[in-house]
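The next block is target27.cif, given as mmCIF, C-alpha atoms.
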```
data_protein
loop_
_atom_site.group_PDB
_atom_site.id
_atom_site.type_symbol
_atom_site.label_atom_id
_atom_site.label_comp_id
_atom_site.auth_asym_id
_atom_site.auth_seq_id
_atom_site.Cartn_x
_atom_site.Cartn_y
_atom_site.Cartn_z
ATOM 1 C CA MET M 1 31.310 -60.223 12.254
ATOM 2 C CA ALA M 2 33.911 -57.507 11.606
ATOM 3 C CA ARG M 3 32.634 -53.975 11.120
ATOM 4 C CA ASP M 4 34.269 -50.706 10.222
ATOM 5 C CA VAL M 5 32.767 -48.608 13.016
ATOM 6 C CA PHE M 6 31.593 -49.143 16.576
ATOM 7 C CA ILE M 7 29.101 -46.402 17.503
ATOM 8 C CA SER M 8 29.060 -45.464 21.185
ATOM 9 C CA TYR M 9 26.091 -43.426 22.391
ATOM 10 C CA ARG M 10 23.875 -42.734 25.371
ATOM 11 C CA HIS M 11 20.433 -44.365 25.092
ATOM 12 C CA GLU M 12 18.775 -40.922 24.898
ATOM 13 C CA ASP M 13 20.778 -40.357 21.693
ATOM 14 C CA ARG M 14 19.665 -43.574 20.026
ATOM 15 C CA ASP M 15 17.988 -41.726 17.134
ATOM 16 C CA TRP M 16 21.237 -39.850 16.458
ATOM 17 C CA ALA M 17 23.210 -43.099 16.597
ATOM 18 C CA ASN M 18 20.731 -44.655 14.182
ATOM 19 C CA ASN M 19 20.999 -41.680 11.790
ATOM 20 C CA ILE M 20 24.813 -41.815 11.912
ATOM 21 C CA CYS M 21 24.732 -45.571 11.303
ATOM 22 C CA GLN M 22 22.339 -45.270 8.346
ATOM 23 C CA ALA M 23 24.292 -42.381 6.805
ATOM 24 C CA LEU M 24 27.619 -44.220 7.125
ATOM 25 C CA GLU M 25 26.229 -47.494 5.796
ATOM 26 C CA ALA M 26 24.680 -45.635 2.838
ATOM 27 C CA ARG M 27 28.270 -44.568 2.067
ATOM 28 C CA GLY M 28 29.644 -48.108 2.322
ATOM 29 C CA VAL M 29 30.919 -47.956 5.923
ATOM 30 C CA SER M 30 29.666 -50.886 8.011
ATOM 31 C CA CYS M 31 28.613 -50.140 11.582
ATOM 32 C CA TRP M 32 28.129 -51.924 14.873
ATOM 33 C CA VAL M 33 25.489 -50.330 17.083
ATOM 34 C CA ALA M 34 24.135 -51.906 20.263
ATOM 35 C CA PHE M 35 20.396 -51.477 19.726
ATOM 36 C CA ARG M 36 20.620 -53.361 16.441
ATOM 37 C CA ASP M 37 23.518 -55.760 16.931
ATOM 38 C CA ILE M 38 23.003 -57.133 20.435
ATOM 39 C CA PRO M 39 20.496 -59.979 20.158
ATOM 40 C CA VAL M 40 17.522 -60.211 22.487
ATOM 41 C CA GLY M 41 18.699 -61.961 25.639
ATOM 42 C CA GLY M 42 22.335 -61.371 24.703
ATOM 43 C CA ASP M 43 25.035 -60.859 27.323
ATOM 44 C CA TRP M 44 25.400 -57.060 27.083
ATOM 45 C CA PRO M 45 29.030 -56.698 28.332
ATOM 46 C CA ALA M 46 30.236 -59.635 26.242
ATOM 47 C CA GLU M 47 28.463 -58.330 23.140
ATOM 48 C CA ILE M 48 29.923 -54.834 23.658
ATOM 49 C CA MET M 49 33.431 -56.295 23.967
ATOM 50 C CA ASP M 50 32.932 -58.392 20.824
ATOM 51 C CA GLY M 51 31.650 -55.323 18.984
ATOM 52 C CA LEU M 52 34.680 -53.287 20.069
ATOM 53 C CA LYS M 53 37.201 -56.013 19.250
ATOM 54 C CA ASN M 54 35.678 -56.554 15.813
ATOM 55 C CA SER M 55 35.584 -52.875 14.794
ATOM 56 C CA ARG M 56 38.367 -50.839 13.202
ATOM 57 C CA PHE M 57 37.100 -47.395 14.251
ATOM 58 C CA PHE M 58 35.155 -45.895 17.148
ATOM 59 C CA VAL M 59 32.571 -43.118 16.780
ATOM 60 C CA LEU M 60 31.645 -41.414 20.027
ATOM 61 C CA VAL M 61 28.310 -39.570 19.959
ATOM 62 C CA LEU M 62 28.796 -36.615 22.304
ATOM 63 C CA SER M 63 25.882 -34.669 23.782
ATOM 64 C CA SER M 64 24.734 -33.312 27.115
ATOM 65 C CA ASN M 65 23.448 -36.836 27.738
ATOM 66 C CA SER M 66 27.034 -38.132 27.709
ATOM 67 C CA ALA M 67 27.912 -36.297 30.925
ATOM 68 C CA ASN M 68 28.881 -38.678 33.710
ATOM 69 C CA GLU M 69 27.944 -41.734 31.669
ATOM 70 C CA GLU M 70 30.009 -44.605 33.023
ATOM 71 C CA GLN M 71 29.311 -47.015 30.151
ATOM 72 C CA ILE M 72 30.442 -44.550 27.485
ATOM 73 C CA SER M 73 33.645 -43.687 29.348
ATOM 74 C CA ARG M 74 34.366 -47.402 29.772
ATOM 75 C CA GLU M 75 33.886 -48.000 26.037
ATOM 76 C CA VAL M 76 36.127 -45.030 25.156
ATOM 77 C CA ARG M 77 38.837 -46.263 27.542
ATOM 78 C CA ILE M 78 38.779 -49.770 26.105
ATOM 79 C CA ALA M 79 38.764 -48.539 22.496
ATOM 80 C CA ALA M 80 41.423 -45.843 22.849
ATOM 81 C CA ASP M 81 43.657 -47.253 25.550
ATOM 82 C CA GLU M 82 43.437 -51.027 25.313
ATOM 83 C CA LEU M 83 42.515 -51.756 21.698
ATOM 84 C CA LYS M 84 44.156 -48.673 20.138
ATOM 85 C CA ILE M 85 41.158 -48.073 17.884
ATOM 86 C CA PRO M 86 41.045 -44.628 16.241
ATOM 87 C CA VAL M 87 38.345 -42.545 17.941
ATOM 88 C CA PHE M 88 36.148 -39.996 16.173
ATOM 89 C CA PRO M 89 34.213 -37.698 18.564
ATOM 90 C CA PHE M 90 30.939 -36.747 16.852
ATOM 91 C CA ARG M 91 29.288 -33.847 18.695
ATOM 92 C CA ILE M 92 25.540 -33.534 18.250
ATOM 93 C CA GLU M 93 25.370 -30.595 20.685
ATOM 94 C CA ASP M 94 27.759 -27.784 21.546
ATOM 95 C CA VAL M 95 29.111 -29.469 24.686
ATOM 96 C CA GLN M 96 32.480 -30.380 26.096
ATOM 97 C CA PRO M 97 33.132 -34.057 26.818
ATOM 98 C CA PRO M 98 33.048 -35.134 30.466
ATOM 99 C CA LYS M 99 36.450 -35.317 32.185
ATOM 100 C CA LYS M 100 36.486 -39.120 32.199
ATOM 101 C CA ILE M 101 36.101 -39.095 28.425
ATOM 102 C CA SER M 102 38.215 -36.044 27.578
ATOM 103 C CA TYR M 103 41.215 -37.725 29.177
ATOM 104 C CA PHE M 104 41.167 -40.307 26.372
ATOM 105 C CA LEU M 105 40.307 -37.828 23.619
ATOM 106 C CA GLY M 106 43.366 -35.666 24.241
ATOM 107 C CA ASP M 107 44.168 -33.921 20.989
ATOM 108 C CA ILE M 108 41.748 -35.780 18.729
ATOM 109 C CA GLN M 109 39.950 -33.713 16.103
ATOM 110 C CA TRP M 110 36.166 -33.442 16.617
ATOM 111 C CA LEU M 111 33.304 -33.487 14.171
ATOM 112 C CA ASP M 112 30.449 -31.070 14.868
ATOM 113 C CA ALA M 113 27.082 -32.230 13.584
ATOM 114 C CA PHE M 114 24.802 -29.718 15.319
ATOM 115 C CA ASP M 115 23.298 -26.532 13.849
ATOM 116 C CA GLY M 116 22.566 -28.130 10.488
ATOM 117 C CA ARG M 117 26.028 -29.637 9.981
ATOM 118 C CA PHE M 118 25.073 -33.322 10.197
ATOM 119 C CA ASP M 119 25.361 -34.137 6.482
ATOM 120 C CA GLY M 120 28.758 -32.482 6.142
ATOM 121 C CA ALA M 121 30.100 -34.059 9.329
ATOM 122 C CA VAL M 122 28.969 -37.567 8.448
ATOM 123 C CA ALA M 123 30.310 -37.180 4.890
ATOM 124 C CA GLN M 124 33.725 -36.157 6.267
ATOM 125 C CA LEU M 125 33.634 -39.068 8.706
ATOM 126 C CA ALA M 126 32.774 -41.597 6.006
ATOM 127 C CA GLN M 127 35.442 -40.216 3.678
ATOM 128 C CA ARG M 128 38.114 -40.356 6.386
ATOM 129 C CA ILE M 129 37.199 -43.910 7.378
ATOM 130 C CA GLN M 130 37.182 -45.046 3.747
ATOM 131 C CA HIS M 131 40.617 -43.491 3.282
ATOM 132 C CA MET M 132 41.986 -45.108 6.444
ATOM 133 C CA ARG M 133 40.567 -48.511 5.423
ATOM 134 C CA THR M 134 42.681 -48.428 2.276
ATOM 135 C CA GLU M 135 45.935 -47.472 3.997
ATOM 136 C CA PRO M 136 48.387 -50.360 3.955
ATOM 137 C CA ALA M 137 48.454 -52.295 7.203
ATOM 138 C CA GLU M 138 51.694 -52.870 9.063
ATOM 139 C CA PRO M 139 51.292 -56.487 10.199
ATOM 140 C CA SER M 140 54.170 -56.542 12.681
ATOM 141 C CA VAL M 141 53.310 -53.221 14.316
ATOM 142 C CA PRO M 142 50.174 -52.734 16.448
ATOM 143 C CA ARG M 143 47.842 -49.885 15.551
ATOM 144 C CA GLN M 144 49.076 -46.629 17.031
ATOM 145 C CA THR M 145 46.702 -43.997 18.356
ATOM 146 C CA SER M 146 48.970 -40.996 17.895
ATOM 147 C CA THR M 147 49.590 -41.225 14.162
ATOM 148 C CA PRO M 148 48.286 -38.582 11.748
ATOM 149 C CA ALA M 149 45.994 -41.258 10.280
ATOM 150 C CA ARG M 150 44.042 -41.254 13.544
ATOM 151 C CA ALA M 151 43.125 -37.594 13.644
ATOM 152 C CA ALA M 152 44.481 -34.085 13.481
ATOM 153 C CA THR M 153 45.772 -32.427 16.631
ATOM 154 C CA MET M 154 44.836 -29.080 18.069
ATOM 155 C CA ARG M 155 48.438 -27.880 17.760
ATOM 156 C CA GLU M 156 49.199 -28.585 14.134
ATOM 157 C CA PRO M 157 47.303 -29.440 10.951
ATOM 158 C CA VAL M 158 47.717 -32.834 9.354
ATOM 159 C CA SER M 159 48.166 -33.306 5.636
ATOM 160 C CA PHE M 160 46.327 -36.267 4.205
ATOM 161 C CA ALA M 161 47.319 -38.153 1.080
ATOM 162 C CA SER M 162 43.861 -37.670 -0.358
ATOM 163 C CA PRO M 163 42.015 -34.360 -0.730
ATOM 164 C CA ILE M 164 39.865 -34.620 2.392
ATOM 165 C CA ALA M 165 38.557 -31.367 3.826
ATOM 166 C CA ALA M 166 39.985 -30.470 7.221
ATOM 167 C CA ILE M 167 37.688 -30.962 10.178
ATOM 168 C CA GLU M 168 37.617 -27.898 12.387
ATOM 169 C CA LYS M 169 38.248 -28.165 16.113
ATOM 170 C CA PRO M 170 35.738 -26.255 18.216
ATOM 171 C CA SER M 171 37.123 -23.172 19.913
#
```

With the file now loaded, output its structure as structure tokens.
Amino acid sequence: MARDVFISYRHEDRDWANNICQALEARGVSCWVAFRDIPVGGDWPAEIMDGLKNSRFFVLVLSSNSANEEQISREVRIAADELKIPVFPFRIEDVQPPKKISYFLGDIQWLDAFDGRFDGAVAQLAQRIQHMRTEPAEPSVPRQTSTPARAATMREPVSFASPIAAIEKPS
């Protein structure tokens, strides 16, 4: 079943992933999240790949738990590099992504949800995804990961067609 968002998280951050999922779905953004969408006895790697292939966007829950997490870095690599899915880093703590992950994040704009900013961050995320869902698809051209529709860069601001508040990059 196709979903808007694949949520990647470390098992210690399951409650955060659940809160993000519920908040997005309350705003009309469908989510795929492992703890809910992999059936009991399911083939974990196959289910993860199906979830990735059937999602249009990728939300990466970043925390201190993400450090040196092989599964998360594998999911980010597949989403960003192989499938060209737009990635949205969603920081729940004031941490830097591990090197294996930051390589694929490059100049992607981050959302900070710590220090009482969860509601604002998830609202911005939902609004951006809803906007990107309505952009016309280019059937003969594969999705590109470096377009302004993916995310703003650290070097220059991006102007969006709709009045979406800019997401600030951490300093």

Up to 10 Å from (30.7, -31.4, 9.0) in the file's coordinates: name the residues, counting only C-alpha atoms, as a PyMOL selection string.
chain M and resi 90+110-114+116-125+165-168

Long-range neighbours of Leu83 (chain M) as a short mmCIF file (atom, residue, chain, number, x, y, z; two decimals) with C-alpha atoms, in the frame of the given file, 12 Å cut-off, only C-alpha atoms, 2 positions minimum in chain:
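This is the output file result25.cif:
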```cif
data_model
loop_
_atom_site.label_atom_id
_atom_site.label_comp_id
_atom_site.auth_asym_id
_atom_site.auth_seq_id
_atom_site.Cartn_x
_atom_site.Cartn_y
_atom_site.Cartn_z
CA MET M 49 33.43 -56.30 23.97
CA ASP M 50 32.93 -58.39 20.82
CA GLY M 51 31.65 -55.32 18.98
CA LEU M 52 34.68 -53.29 20.07
CA LYS M 53 37.20 -56.01 19.25
CA ASN M 54 35.68 -56.55 15.81
CA SER M 55 35.58 -52.88 14.79
CA ARG M 56 38.37 -50.84 13.20
CA PHE M 57 37.10 -47.40 14.25
CA PHE M 58 35.16 -45.90 17.15
CA GLU M 75 33.89 -48.00 26.04
CA VAL M 76 36.13 -45.03 25.16
CA ARG M 77 38.84 -46.26 27.54
CA ILE M 78 38.78 -49.77 26.10
CA ALA M 79 38.76 -48.54 22.50
CA ALA M 80 41.42 -45.84 22.85
CA ASP M 81 43.66 -47.25 25.55
CA ILE M 85 41.16 -48.07 17.88
CA PRO M 86 41.04 -44.63 16.24
CA VAL M 87 38.34 -42.54 17.94
CA PRO M 142 50.17 -52.73 16.45
CA ARG M 143 47.84 -49.88 15.55
CA GLN M 144 49.08 -46.63 17.03
CA THR M 145 46.70 -44.00 18.36
#
```

**Q.** Result set of the PyMOL selection byres ((chain M and resi 11) around 12) on the coordinates above, as an NGL selection string
**A.** :M and (7-10 or 12-18 or 33-35 or 61-63 or 65-66 or 69 or 71-72)

Taken to one decimal, the CA of Glu82 (chain M)-CA of Pro98 (chain M) distance is 19.7 Å

- Quote the spacing between CA of Glu25 (chain M) and CA of Arg133 (chain M) in Å to one decimal place.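 Distance reported for this atom pair: 14.4 Å.
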
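Compared by their closest atoms to Leu24 (chain M), and using only C-alpha atoms, the residues M:Gln109, M:Ser102, M:Asn68, M:Gln127 rank with M:Gln127 nearest.
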
Quiz item: If you count all atoms listed in the file, which residues fall within 9 Å of Ile129 (chain M), apart from same-chain ones fewer than 6 positions away, as a PyMOL selection string?
Solution: chain M and resi 4-5+29+57

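Take CA of Trp32 (chain M) and CA of Glu47 (chain M): the distance between them is 10.5 Å.
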
Quick one: axis-aligned box around all listed atoms of region 99-117 of chain M, 6 Å on every side, centre and edge lengths in Å to one decimal, written as JSON.
```
{"center_x": 33.4, "center_y": -33.4, "center_z": 21.1, "size_x": 33.6, "size_y": 25.8, "size_z": 34.2}
```

Across M:Val40, M:Ala46, M:Lys84, M:Gln96, the smallest distance to Ala67 (chain M), with all atoms listed in the file counted, is shown by M:Gln96
